[in-house]
$ cat my_file_9.cif   # mmCIF, C-alpha atoms and all ligand atoms
data_coords
#
loop_
_atom_site.label_atom_id
_atom_site.label_comp_id
_atom_site.auth_asym_id
_atom_site.auth_seq_id
_atom_site.Cartn_x
_atom_site.Cartn_y
_atom_site.Cartn_z
CA MET B 1 0.00 0.00 0.00
CA PRO B 2 1.36 3.49 -0.83
CA LEU B 3 1.82 5.73 2.25
CA ARG B 4 -0.27 8.49 0.69
CA PRO B 5 -2.78 8.43 -2.11
CA SER B 6 -1.39 8.99 -5.61
CA LEU B 7 -1.53 12.55 -6.86
CA ARG B 8 -2.13 11.28 -10.40
CA LEU B 9 -5.61 11.43 -11.95
CA SER B 10 -8.30 9.13 -10.59
CA ASP B 11 -10.67 7.43 -13.03
CA ALA B 12 -13.43 9.84 -11.99
CA GLU B 13 -11.21 12.87 -12.65
CA ARG B 14 -10.17 11.51 -16.02
CA ALA B 15 -13.84 10.98 -16.94
CA ALA B 16 -14.71 14.53 -15.75
CA TRP B 17 -11.80 15.95 -17.78
CA GLU B 18 -13.08 14.22 -20.91
CA ASP B 19 -16.81 14.90 -20.36
CA ASP B 20 -16.83 18.30 -18.65
CA GLY B 21 -13.38 19.77 -19.43
CA PHE B 22 -12.58 20.48 -15.77
CA PHE B 23 -12.43 19.04 -12.25
CA LEU B 24 -11.79 20.38 -8.77
CA ARG B 25 -9.51 19.16 -5.98
CA GLU B 26 -10.61 20.81 -2.77
CA ARG B 27 -8.23 22.08 -0.05
CA ALA B 28 -4.98 20.86 -1.62
CA PHE B 29 -3.04 23.63 0.20
CA SER B 30 -3.23 24.11 3.96
CA GLU B 31 -4.08 27.36 5.76
CA ASP B 32 -0.38 27.84 6.72
CA GLU B 33 0.67 27.46 3.10
CA LEU B 34 -2.08 29.86 2.02
CA CYS B 35 -0.85 32.53 4.46
CA ASP B 36 2.57 32.18 2.90
CA LEU B 37 1.22 32.29 -0.67
CA ARG B 38 -1.04 35.29 0.01
CA ALA B 39 1.91 37.20 1.48
CA ALA B 40 3.97 36.28 -1.60
CA ALA B 41 1.12 37.47 -3.86
CA GLU B 42 1.05 40.84 -2.12
CA ARG B 43 4.86 41.12 -2.44
CA VAL B 44 4.50 40.48 -6.17
CA VAL B 45 1.85 43.21 -6.46
CA ALA B 46 4.11 45.67 -4.58
CA ILE B 47 7.02 44.87 -6.92
CA ALA B 48 4.80 45.15 -10.00
CA MET B 49 3.46 48.54 -8.88
CA ARG B 50 6.97 49.80 -8.21
CA GLU B 51 8.16 48.61 -11.62
CA ALA B 52 5.03 50.03 -13.26
CA SER B 53 6.10 53.56 -12.31
CA GLN B 54 8.66 53.26 -15.13
CA PRO B 55 7.02 51.00 -17.69
CA SER B 56 8.65 50.09 -20.99
CA ALA B 57 5.18 50.40 -22.55
CA ASP B 58 1.84 51.85 -21.42
CA TYR B 59 -1.19 51.25 -23.65
CA THR B 60 -4.95 50.86 -23.68
CA ILE B 61 -6.98 48.17 -25.44
CA ASP B 62 -10.78 48.46 -25.50
CA GLY B 63 -10.59 50.93 -22.61
CA ASN B 64 -8.43 48.73 -20.36
CA ARG B 65 -4.91 49.85 -19.44
CA TYR B 66 -1.84 47.62 -19.68
CA LEU B 67 1.75 48.30 -18.57
CA GLU B 68 4.84 46.35 -19.54
CA ALA B 69 7.20 46.39 -16.57
CA GLY B 70 9.38 44.05 -14.48
CA GLY B 71 9.27 41.37 -17.18
CA ALA B 72 5.46 41.20 -16.93
CA THR B 73 2.29 42.53 -18.50
CA ILE B 74 0.33 44.32 -15.79
CA GLN B 75 -3.35 44.88 -16.44
CA LEU B 76 -5.05 47.52 -14.31
CA GLU B 77 -8.60 47.42 -13.03
CA HIS B 78 -11.18 48.40 -15.63
CA ARG B 79 -12.70 51.37 -13.76
CA ALA B 80 -11.47 54.52 -15.52
CA GLY B 81 -8.40 55.98 -13.77
CA SER B 82 -7.94 52.99 -11.42
CA ALA B 83 -4.36 52.19 -10.39
CA THR B 84 -5.37 48.83 -8.88
CA VAL B 85 -3.65 45.78 -10.36
CA ARG B 86 -6.07 43.21 -11.86
CA VAL B 87 -3.71 40.73 -13.62
CA ILE B 88 0.08 40.15 -13.74
CA GLU B 89 1.39 37.77 -16.44
CA PRO B 90 3.90 36.21 -15.99
CA PHE B 91 4.52 36.69 -12.27
CA HIS B 92 6.40 33.68 -10.89
CA HIS B 93 9.81 35.32 -11.52
CA LEU B 94 8.91 38.12 -9.09
CA ASP B 95 9.01 35.92 -5.96
CA PRO B 96 10.88 32.67 -5.17
CA ARG B 97 7.81 31.20 -3.43
CA PHE B 98 6.00 31.18 -6.76
CA ASP B 99 8.97 29.79 -8.66
CA ALA B 100 8.96 26.91 -6.15
CA VAL B 101 5.22 26.28 -6.49
CA LEU B 102 5.69 25.55 -10.20
CA ASP B 103 7.35 22.25 -9.17
CA ASP B 104 4.85 21.35 -6.44
CA PRO B 105 3.77 17.72 -7.04
CA ARG B 106 0.17 18.51 -6.08
CA ILE B 107 0.12 20.55 -9.27
CA THR B 108 2.66 18.80 -11.48
CA GLU B 109 1.63 15.16 -10.93
CA PRO B 110 -1.91 15.67 -12.27
CA MET B 111 -0.46 17.95 -14.95
CA ARG B 112 1.75 15.13 -16.31
CA ASP B 113 -1.45 13.14 -16.91
CA LEU B 114 -3.30 16.10 -18.44
CA VAL B 115 -0.43 17.07 -20.76
CA GLY B 116 0.02 13.38 -21.60
CA GLN B 117 3.79 13.39 -21.01
CA GLU B 118 6.09 12.79 -18.06
CA GLN B 119 8.37 15.72 -19.01
CA ILE B 120 6.42 18.95 -18.71
CA ALA B 121 7.24 22.67 -18.74
CA LEU B 122 5.49 25.86 -17.75
CA PHE B 123 3.63 27.61 -20.58
CA THR B 124 2.35 30.71 -18.76
CA ASP B 125 1.40 31.97 -15.30
CA LYS B 126 -1.03 34.68 -14.21
CA LEU B 127 -1.84 36.29 -10.88
CA ASN B 128 -5.51 37.34 -11.06
CA LEU B 129 -6.71 39.66 -8.33
CA LYS B 130 -10.23 40.78 -7.62
CA ARG B 131 -10.17 43.27 -4.80
CA PRO B 132 -13.32 43.72 -2.67
CA ARG B 133 -16.02 45.75 -4.47
CA GLU B 134 -13.60 46.64 -7.28
CA GLY B 135 -12.51 43.41 -8.97
CA SER B 136 -13.93 43.35 -12.49
CA GLY B 137 -15.52 40.46 -14.35
CA PHE B 138 -14.28 38.61 -17.40
CA ARG B 139 -16.63 37.71 -20.26
CA PHE B 140 -16.95 34.10 -21.39
CA HIS B 141 -13.91 33.00 -23.38
CA GLN B 142 -11.57 30.11 -24.10
CA ASP B 143 -7.84 30.52 -23.43
CA SER B 144 -6.80 28.63 -26.57
CA PRO B 145 -7.53 31.50 -29.04
CA TYR B 146 -5.10 33.75 -27.08
CA TRP B 147 -2.36 31.22 -27.66
CA ALA B 148 -3.29 29.95 -31.14
CA PHE B 149 -0.77 32.10 -33.01
CA ASP B 150 2.21 31.26 -30.82
CA CYS B 151 1.79 27.58 -30.11
CA THR B 152 1.51 24.40 -32.15
CA HIS B 153 0.38 22.14 -29.26
CA LEU B 154 -2.82 23.95 -28.29
CA ASP B 155 -4.54 20.78 -27.06
CA GLN B 156 -1.76 20.17 -24.51
CA LEU B 157 -2.06 23.36 -22.44
CA PRO B 158 -4.02 22.43 -19.30
CA ASN B 159 -4.63 25.13 -16.69
CA VAL B 160 -4.80 24.94 -12.93
CA MET B 161 -6.37 27.77 -10.95
CA VAL B 162 -5.14 27.88 -7.34
CA LEU B 163 -7.61 29.63 -5.03
CA LEU B 164 -5.90 31.89 -2.48
CA ASP B 165 -9.26 32.94 -0.97
CA ASP B 166 -12.61 31.20 -0.61
CA ALA B 167 -14.31 31.70 -3.98
CA SER B 168 -18.08 32.17 -4.30
CA PRO B 169 -20.50 33.78 -6.77
CA GLU B 170 -20.52 36.85 -4.48
CA ASN B 171 -16.78 37.53 -4.81
CA GLY B 172 -16.65 36.59 -8.51
CA CYS B 173 -15.58 32.95 -8.63
CA LEU B 174 -14.91 31.44 -12.03
CA SER B 175 -17.81 29.91 -14.00
CA VAL B 176 -16.94 27.01 -16.27
CA VAL B 177 -19.16 25.69 -19.05
CA ARG B 178 -19.56 21.92 -18.96
CA GLY B 179 -18.52 20.15 -22.16
CA SER B 180 -17.62 23.39 -23.97
CA HIS B 181 -14.08 22.10 -24.65
CA ARG B 182 -15.23 19.26 -26.86
CA LYS B 183 -15.20 21.12 -30.20
CA GLY B 184 -11.78 22.75 -29.68
CA LEU B 185 -11.43 26.34 -30.85
CA LEU B 186 -14.82 28.09 -31.06
CA PRO B 187 -15.63 31.27 -33.03
CA GLY B 188 -15.14 34.63 -31.32
CA GLN B 189 -17.37 37.71 -31.38
CA GLU B 190 -17.43 40.20 -34.23
CA GLY B 191 -17.84 43.95 -33.81
CA GLN B 192 -16.98 43.92 -30.10
CA GLY B 193 -13.72 45.84 -30.14
CA THR B 194 -10.14 44.73 -30.68
CA LEU B 195 -10.37 41.83 -28.24
CA GLY B 196 -13.89 40.78 -29.34
CA PRO B 197 -12.63 37.80 -31.40
CA LEU B 198 -11.09 36.41 -28.17
CA PHE B 199 -14.50 36.29 -26.44
CA THR B 200 -16.53 33.25 -27.41
CA ASP B 201 -19.55 33.73 -29.65
CA PRO B 202 -22.54 33.05 -27.31
CA SER B 203 -24.23 30.96 -30.01
CA ALA B 204 -21.23 28.56 -30.00
CA PHE B 205 -21.86 27.20 -26.48
CA ASP B 206 -24.75 26.66 -24.08
CA GLU B 207 -24.49 29.13 -21.22
CA ARG B 208 -27.09 27.11 -19.28
CA LEU B 209 -24.33 24.52 -18.76
CA ALA B 210 -22.17 27.04 -16.84
CA VAL B 211 -21.42 26.10 -13.23
CA HIS B 212 -19.83 28.18 -10.50
CA ALA B 213 -16.43 26.83 -9.44
CA ALA B 214 -17.18 27.90 -5.85
CA ALA B 215 -14.66 26.29 -3.48
CA PRO B 216 -12.64 26.91 -0.34
CA ALA B 217 -9.24 28.59 -0.40
CA GLY B 218 -6.46 26.14 -1.22
CA SER B 219 -8.54 24.30 -3.81
CA LEU B 220 -7.30 23.54 -7.33
CA LEU B 221 -9.48 23.86 -10.43
CA PHE B 222 -7.98 22.03 -13.41
CA PHE B 223 -9.52 23.10 -16.73
CA SER B 224 -8.89 22.58 -20.43
CA PRO B 225 -7.50 25.38 -22.64
CA HIS B 226 -10.71 24.96 -24.68
CA THR B 227 -13.12 25.19 -21.73
CA VAL B 228 -15.31 28.29 -21.99
CA HIS B 229 -15.04 30.22 -18.72
CA GLY B 230 -15.65 33.68 -17.30
CA SER B 231 -16.48 35.46 -14.09
CA LYS B 232 -18.60 38.25 -12.64
CA PRO B 233 -17.26 41.30 -10.78
CA ASN B 234 -16.48 41.06 -7.08
CA GLY B 235 -19.46 42.75 -5.42
CA SER B 236 -18.51 41.57 -1.94
CA ASP B 237 -16.26 42.75 0.88
CA GLN B 238 -14.02 39.69 0.46
CA PRO B 239 -11.03 39.50 -1.90
CA ARG B 240 -10.90 36.84 -4.62
CA ARG B 241 -7.24 36.20 -5.39
CA VAL B 242 -6.13 33.28 -7.56
CA PHE B 243 -3.19 32.28 -9.66
CA VAL B 244 -3.42 30.26 -12.85
CA LEU B 245 -0.59 28.05 -14.12
CA THR B 246 -0.60 26.55 -17.60
CA TYR B 247 1.70 23.64 -18.49
CA GLN B 248 2.85 22.08 -21.78
CA PRO B 249 5.14 19.27 -23.01
CA GLY B 250 8.73 19.66 -21.76
CA GLY B 251 11.37 21.56 -23.72
CA HIS B 252 9.12 24.29 -25.14
CA ARG B 253 9.53 28.01 -24.51
CA THR B 254 7.04 29.92 -22.38
CA PHE B 255 4.28 32.01 -23.95
CA LYS B 256 5.60 35.49 -23.19
CA LYS B 257 9.36 34.97 -22.94
CA ASP B 258 11.87 33.06 -25.01
CA VAL B 259 12.93 30.85 -22.09
CA THR B 260 12.12 27.25 -21.16
CA ARG B 261 10.98 26.46 -17.61
CA ASP B 262 10.94 22.68 -17.35
CA VAL B 263 9.40 21.12 -14.26
CA ALA B 264 11.86 19.44 -11.89
O1 LIG Z 1 -10.00 36.25 -12.99
C1 LIG Z 1 -10.98 35.68 -13.47
O2 LIG Z 1 -12.00 35.45 -12.84
C2 LIG Z 1 -10.98 35.21 -14.89
C3 LIG Z 1 -9.63 34.80 -15.29
C4 LIG Z 1 -9.62 34.18 -16.62
O3 LIG Z 1 -10.61 33.87 -17.18
C5 LIG Z 1 -8.34 33.92 -17.25
O4 LIG Z 1 -7.29 34.28 -16.68
O5 LIG Z 1 -8.34 33.36 -18.35
#

$ encode --input "my_file_9.cif" --output "structure tokens"
Amino acid sequence: MPLRPSLRLSDAERAAWEDDGFFLRERAFSEDELCDLRAAAERVVAIAMREASQPSADYTIDGNRYLEAGGATIQLEHRAGSATVRVIEPFHHLDPRFDAVLDDPRITEPMRDLVGQEQIALFTDKLNLKRPREGSGFRFHQDSPYWAFDCTHLDQLPNVMVLLDDASPENGCLSVVRGSHRKGLLPGQEGQGTLGPLFTDPSAFDERLAVHAAAPAGSLLFFSPHTVHGSKPNGSDQPRRVFVLTYQPGGHRTFKKDVTRDVA
């Protein structure tokens, strides 16, 4: 008998991955680890804000502001004039705690099964913050269209979202659409701004199949690059902080930088 249960996929998880395009592992990280990770997340935000005072680029797309600084793309909150950070991609290089988490077996063991290879590498990493009463929503989309021009192994880019706070519909947890991954890349929206084509055409999936990925802090949501997902704004007094890691077969460069970050 093994001393601890295998971290690899169970039959039920494999079936959920194929049928639904996602599955959840609740409370994979302990409260002590979460304290540590939340503190690291806030250190990353502080570094990003400091770096953002001298960005190498500062631009607006469809009304949202982006800064290139500290080796990352920093997206600010959508409210006009806000200086609050909404997304940092990539972010793991800004704190050693996050570089270490990339090799955590609770993440990488299931990822080897989902990528379909023993040797895996990081593809991209995002810190997504929704501050109380300010955190903005994200319309339904797939991740695969964002990556389609830069990657030839689109079907081998599984995501894991690590919840740093309890996530609920009130604080803007992710919604995932059951079975929406099955047809691969879906059409985007026309006439909805520059980024419109990256948001999934509502007639291409059944929104009634969307479920809230509400779960306690420390939980892991694994989801396919083709799974349609989105989230509502944070209307609550509680933060909703997460980070999302995307893996790929070993030996390939990351999405935003010409470096390879193989998993140990
Ligand atoms: O932060 C969120 O709720 C949405 C994030 C998301 O959809 C993404 O990073 O692709």

$ residues_near_ligand --input "my_file_9.cif" --ligand "ligand LIG 1 (chain Z)" --cutoff "9 Å" --atoms "all atoms listed in the file" --output "PyMOL selection string"
chain B and resi 86-87+126-130+135-143+161+172-175+228-233+240-244

$ atom_distance --input "my_file_9.cif" --atom1 "atom CA of Trp147 of chain B" --atom2 "atom CA of Ala167 of chain B"
26.5 Å

$ atom_distance --input "my_file_9.cif" --atom1 "atom CA of Thr246 of chain B" --atom2 "atom CA of Leu157 of chain B"
6.0 Å

$ closest_atom_pairs --input "my_file_9.cif" --of "segment 28-115 of chain B" --to "segment 207-218 of chain B" --cutoff "12 Å" --atoms "only C-alpha atoms" --output "CSV"
residue,atom,partner,partner_atom,distance
B:Ala28,CA,B:Gly218,CA,5.5
B:Phe29,CA,B:Gly218,CA,4.5
B:Ser30,CA,B:Gly218,CA,6.4
B:Glu31,CA,B:Gly218,CA,7.5
B:Asp32,CA,B:Gly218,CA,10.1
B:Glu33,CA,B:Gly218,CA,8.4
B:Leu34,CA,B:Gly218,CA,6.6
B:Cys35,CA,B:Gly218,CA,10.2
B:Asp36,CA,B:Gly218,CA,11.6
B:Leu37,CA,B:Gly218,CA,9.9
B:Arg38,CA,B:Ala217,CA,10.6
B:Arg106,CA,B:Gly218,CA,11.2
B:Ile107,CA,B:Gly218,CA,11.8

$ residues_around --input "my_file_9.cif" --residues "Asp19 of chain B" --least-positions-apart "3" --cutoff "12 Å" --atoms "only C-alpha atoms" --output "list in words"
Ala12, Glu13, Arg14, Ala15, Ala16, Phe22, Phe23, Val177, Arg178, Gly179, Ser180, His181, Arg182, Lys183, Phe223, Ser224 and Thr227 of chain B

$ closest_residue --input "my_file_9.cif" --among "B:Glu109, B:Asp103, B:Asp155, B:Asp150" --to "Leu122 of chain B" --atoms "only C-alpha atoms"
B:Asp103

$ residues_around --input "my_file_9.cif" --residues "Gly193 of chain B" --least-positions-apart "6" --cutoff "10 Å" --atoms "all atoms listed in the file" --output "number ranges by chain"
B: 61-63

$ write_last_selection --input "my_file_9.cif" --atoms "C-alpha atoms" --output "short mmCIF file (atom, residue, chain, number, x, y, z; two decimals), in the coordinates of the input"
data_model
loop_
_atom_site.label_atom_id
_atom_site.label_comp_id
_atom_site.auth_asym_id
_atom_site.auth_seq_id
_atom_site.Cartn_x
_atom_site.Cartn_y
_atom_site.Cartn_z
CA ILE B 61 -6.98 48.17 -25.44
CA ASP B 62 -10.78 48.46 -25.50
CA GLY B 63 -10.59 50.93 -22.61
#

$ residues_around --input "my_file_9.cif" --residues "segment 247-258 of chain B" --least-positions-apart "6" --cutoff "9 Å" --atoms "all atoms listed in the file" --output "list of chain:residue names"
B:Gly71, B:Ala72, B:Glu89, B:Pro90, B:Thr108, B:Met111, B:Arg112, B:Val115, B:Gly116, B:Gln117, B:Glu118, B:Gln119, B:Ile120, B:Ala121, B:Leu122, B:Phe123, B:Thr124, B:Asp125, B:Trp147, B:Asp150, B:Cys151, B:His153, B:Leu154, B:Gln156, B:Leu157, B:Pro158, B:Asn159, B:Val160

$ write_last_selection --input "my_file_9.cif" --atoms "C-alpha atoms" --output "PDB file, in the coordinates of the input"
ATOM      1  CA  GLY B  71       9.270  41.370 -17.180  1.00  0.00           C
ATOM      2  CA  ALA B  72       5.460  41.200 -16.930  1.00  0.00           C
ATOM      3  CA  GLU B  89       1.390  37.770 -16.440  1.00  0.00           C
ATOM      4  CA  PRO B  90       3.900  36.210 -15.990  1.00  0.00           C
ATOM      5  CA  THR B 108       2.660  18.800 -11.480  1.00  0.00           C
ATOM      6  CA  MET B 111      -0.460  17.950 -14.950  1.00  0.00           C
ATOM      7  CA  ARG B 112       1.750  15.130 -16.310  1.00  0.00           C
ATOM      8  CA  VAL B 115      -0.430  17.070 -20.760  1.00  0.00           C
ATOM      9  CA  GLY B 116       0.020  13.380 -21.600  1.00  0.00           C
ATOM     10  CA  GLN B 117       3.790  13.390 -21.010  1.00  0.00           C
ATOM     11  CA  GLU B 118       6.090  12.790 -18.060  1.00  0.00           C
ATOM     12  CA  GLN B 119       8.370  15.720 -19.010  1.00  0.00           C
ATOM     13  CA  ILE B 120       6.420  18.950 -18.710  1.00  0.00           C
ATOM     14  CA  ALA B 121       7.240  22.670 -18.740  1.00  0.00           C
ATOM     15  CA  LEU B 122       5.490  25.860 -17.750  1.00  0.00           C
ATOM     16  CA  PHE B 123       3.630  27.610 -20.580  1.00  0.00           C
ATOM     17  CA  THR B 124       2.350  30.710 -18.760  1.00  0.00           C
ATOM     18  CA  ASP B 125       1.400  31.970 -15.300  1.00  0.00           C
ATOM     19  CA  TRP B 147      -2.360  31.220 -27.660  1.00  0.00           C
ATOM     20  CA  ASP B 150       2.210  31.260 -30.820  1.00  0.00           C
ATOM     21  CA  CYS B 151       1.790  27.580 -30.110  1.00  0.00           C
ATOM     22  CA  HIS B 153       0.380  22.140 -29.260  1.00  0.00           C
ATOM     23  CA  LEU B 154      -2.820  23.950 -28.290  1.00  0.00           C
ATOM     24  CA  GLN B 156      -1.760  20.170 -24.510  1.00  0.00           C
ATOM     25  CA  LEU B 157      -2.060  23.360 -22.440  1.00  0.00           C
ATOM     26  CA  PRO B 158      -4.020  22.430 -19.300  1.00  0.00           C
ATOM     27  CA  ASN B 159      -4.630  25.130 -16.690  1.00  0.00           C
ATOM     28  CA  VAL B 160      -4.800  24.940 -12.930  1.00  0.00           C
TER      29      VAL B 160
END

$ atom_distance --input "my_file_9.cif" --atom1 "atom CA of Pro225 of chain B" --atom2 "atom CA of Tyr59 of chain B"
26.6 Å

$ residues_near_point --input "my_file_9.cif" --point "(-16.8, 36.0, -30.1)" --cutoff "9 Å" --atoms "all atoms listed in the file" --output "list of chain:residue names"
B:Phe140, B:His141, B:Leu186, B:Pro187, B:Gly188, B:Gln189, B:Glu190, B:Gly191, B:Gln192, B:Leu195, B:Gly196, B:Pro197, B:Leu198, B:Phe199, B:Thr200, B:Asp201, B:Pro202, B:Ser203, B:Ala204

$ write_last_selection --input "my_file_9.cif" --atoms "C-alpha atoms" --output "short mmCIF file (atom, residue, chain, number, x, y, z; two decimals), keeping the file's coordinate frame"
data_model
loop_
_atom_site.label_atom_id
_atom_site.label_comp_id
_atom_site.auth_asym_id
_atom_site.auth_seq_id
_atom_site.Cartn_x
_atom_site.Cartn_y
_atom_site.Cartn_z
CA PHE B 140 -16.95 34.10 -21.39
CA HIS B 141 -13.91 33.00 -23.38
CA LEU B 186 -14.82 28.09 -31.06
CA PRO B 187 -15.63 31.27 -33.03
CA GLY B 188 -15.14 34.63 -31.32
CA GLN B 189 -17.37 37.71 -31.38
CA GLU B 190 -17.43 40.20 -34.23
CA GLY B 191 -17.84 43.95 -33.81
CA GLN B 192 -16.98 43.92 -30.10
CA LEU B 195 -10.37 41.83 -28.24
CA GLY B 196 -13.89 40.78 -29.34
CA PRO B 197 -12.63 37.80 -31.40
CA LEU B 198 -11.09 36.41 -28.17
CA PHE B 199 -14.50 36.29 -26.44
CA THR B 200 -16.53 33.25 -27.41
CA ASP B 201 -19.55 33.73 -29.65
CA PRO B 202 -22.54 33.05 -27.31
CA SER B 203 -24.23 30.96 -30.01
CA ALA B 204 -21.23 28.56 -30.00
#

$ closest_residue --input "my_file_9.cif" --among "B:Ala57, B:Leu163, B:Val45, B:Ala39" --to "Leu221 of chain B" --atoms "all atoms listed in the file"
B:Leu163

$ closest_residue --input "my_file_9.cif" --among "B:Pro96, B:Gly21, B:Gly70, B:Pro55" --to "Ala40 of chain B" --atoms "all atoms listed in the file"
B:Pro96

$ closest_residue --input "my_file_9.cif" --among "B:Ala100, B:Ala41, B:Leu185, B:Ile88" --to "Arg261 of chain B" --atoms "all atoms listed in the file"
B:Ala100

$ residues_around --input "my_file_9.cif" --residues "Glu51 of chain B" --least-positions-apart "3" --cutoff "9 Å" --atoms "only C-alpha atoms" --output "list in words"
Ala46, Ile47, Ala48, Gln54, Pro55, Glu68, Ala69 and Gly70 of chain B

$ write_last_selection --input "my_file_9.cif" --atoms "C-alpha atoms" --output "PDB file, keeping the file's coordinate frame"
ATOM      1  CA  ALA B  46       4.110  45.670  -4.580  1.00  0.00           C
ATOM      2  CA  ILE B  47       7.020  44.870  -6.920  1.00  0.00           C
ATOM      3  CA  ALA B  48       4.800  45.150 -10.000  1.00  0.00           C
ATOM      4  CA  GLN B  54       8.660  53.260 -15.130  1.00  0.00           C
ATOM      5  CA  PRO B  55       7.020  51.000 -17.690  1.00  0.00           C
ATOM      6  CA  GLU B  68       4.840  46.350 -19.540  1.00  0.00           C
ATOM      7  CA  ALA B  69       7.200  46.390 -16.570  1.00  0.00           C
ATOM      8  CA  GLY B  70       9.380  44.050 -14.480  1.00  0.00           C
TER       9      GLY B  70
END

$ closest_residue --input "my_file_9.cif" --among "B:Asp58, B:Asp113, B:Glu26, B:Glu170" --to "Ser10 of chain B" --atoms "all atoms listed in the file"
B:Asp113

$ closest_residue --input "my_file_9.cif" --among "B:Arg8, B:Arg27, B:Arg131, B:His226" --to "Thr84 of chain B" --atoms "all atoms listed in the file"
B:Arg131

$ build_atoms --input "my_file_9.cif" --residues "segment 111-128 of chain B" --atoms "N, CA and C atoms" --output "PDB file, keeping the file's coordinate frame"
ATOM      1  N   MET B 111      -0.762  17.306 -13.670  1.00  0.00           N
ATOM      2  CA  MET B 111      -0.460  17.950 -14.950  1.00  0.00           C
ATOM      3  C   MET B 111       0.237  16.989 -15.921  1.00  0.00           C
ATOM      4  N   ARG B 112       1.079  16.090 -15.409  1.00  0.00           N
ATOM      5  CA  ARG B 112       1.750  15.130 -16.310  1.00  0.00           C
ATOM      6  C   ARG B 112       0.684  14.288 -17.023  1.00  0.00           C
ATOM      7  N   ASP B 113      -0.368  13.907 -16.279  1.00  0.00           N
ATOM      8  CA  ASP B 113      -1.450  13.140 -16.910  1.00  0.00           C
ATOM      9  C   ASP B 113      -2.220  13.989 -17.912  1.00  0.00           C
ATOM     10  N   LEU B 114      -2.467  15.251 -17.565  1.00  0.00           N
ATOM     11  CA  LEU B 114      -3.300  16.100 -18.440  1.00  0.00           C
ATOM     12  C   LEU B 114      -2.556  16.520 -19.710  1.00  0.00           C
ATOM     13  N   VAL B 115      -1.235  16.747 -19.571  1.00  0.00           N
ATOM     14  CA  VAL B 115      -0.430  17.070 -20.760  1.00  0.00           C
ATOM     15  C   VAL B 115      -0.232  15.808 -21.591  1.00  0.00           C
ATOM     16  N   GLY B 116      -0.188  14.646 -20.899  1.00  0.00           N
ATOM     17  CA  GLY B 116       0.020  13.380 -21.600  1.00  0.00           C
ATOM     18  C   GLY B 116       1.483  13.043 -21.781  1.00  0.00           C
ATOM     19  N   GLN B 117       2.343  13.659 -20.956  1.00  0.00           N
ATOM     20  CA  GLN B 117       3.790  13.390 -21.010  1.00  0.00           C
ATOM     21  C   GLN B 117       4.374  13.495 -19.614  1.00  0.00           C
ATOM     22  N   GLU B 118       5.435  12.721 -19.365  1.00  0.00           N
ATOM     23  CA  GLU B 118       6.090  12.790 -18.060  1.00  0.00           C
ATOM     24  C   GLU B 118       6.918  14.080 -17.935  1.00  0.00           C
ATOM     25  N   GLN B 119       7.556  14.489 -19.040  1.00  0.00           N
ATOM     26  CA  GLN B 119       8.370  15.720 -19.010  1.00  0.00           C
ATOM     27  C   GLN B 119       7.462  16.889 -19.382  1.00  0.00           C
ATOM     28  N   ILE B 120       7.285  17.804 -18.425  1.00  0.00           N
ATOM     29  CA  ILE B 120       6.420  18.950 -18.710  1.00  0.00           C
ATOM     30  C   ILE B 120       7.153  20.256 -18.386  1.00  0.00           C
ATOM     31  N   ALA B 121       6.640  21.343 -18.937  1.00  0.00           N
ATOM     32  CA  ALA B 121       7.240  22.670 -18.740  1.00  0.00           C
ATOM     33  C   ALA B 121       6.104  23.666 -18.507  1.00  0.00           C
ATOM     34  N   LEU B 122       6.469  24.793 -17.914  1.00  0.00           N
ATOM     35  CA  LEU B 122       5.490  25.860 -17.750  1.00  0.00           C
ATOM     36  C   LEU B 122       5.217  26.513 -19.107  1.00  0.00           C
ATOM     37  N   PHE B 123       3.950  26.842 -19.373  1.00  0.00           N
ATOM     38  CA  PHE B 123       3.630  27.610 -20.580  1.00  0.00           C
ATOM     39  C   PHE B 123       3.405  29.082 -20.208  1.00  0.00           C
ATOM     40  N   THR B 124       2.511  29.329 -19.234  1.00  0.00           N
ATOM     41  CA  THR B 124       2.350  30.710 -18.760  1.00  0.00           C
ATOM     42  C   THR B 124       1.787  30.713 -17.345  1.00  0.00           C
ATOM     43  N   ASP B 125       1.869  31.857 -16.684  1.00  0.00           N
ATOM     44  CA  ASP B 125       1.400  31.970 -15.300  1.00  0.00           C
ATOM     45  C   ASP B 125       0.842  33.378 -15.075  1.00  0.00           C
ATOM     46  N   LYS B 126      -0.343  33.404 -14.428  1.00  0.00           N
ATOM     47  CA  LYS B 126      -1.030  34.680 -14.210  1.00  0.00           C
ATOM     48  C   LYS B 126      -1.449  34.792 -12.755  1.00  0.00           C
ATOM     49  N   LEU B 127      -1.287  35.979 -12.205  1.00  0.00           N
ATOM     50  CA  LEU B 127      -1.840  36.290 -10.880  1.00  0.00           C
ATOM     51  C   LEU B 127      -3.066  37.149 -11.133  1.00  0.00           C
ATOM     52  N   ASN B 128      -4.244  36.633 -10.783  1.00  0.00           N
ATOM     53  CA  ASN B 128      -5.510  37.340 -11.060  1.00  0.00           C
ATOM     54  C   ASN B 128      -6.118  37.798  -9.743  1.00  0.00           C
TER      55      ASN B 128
END
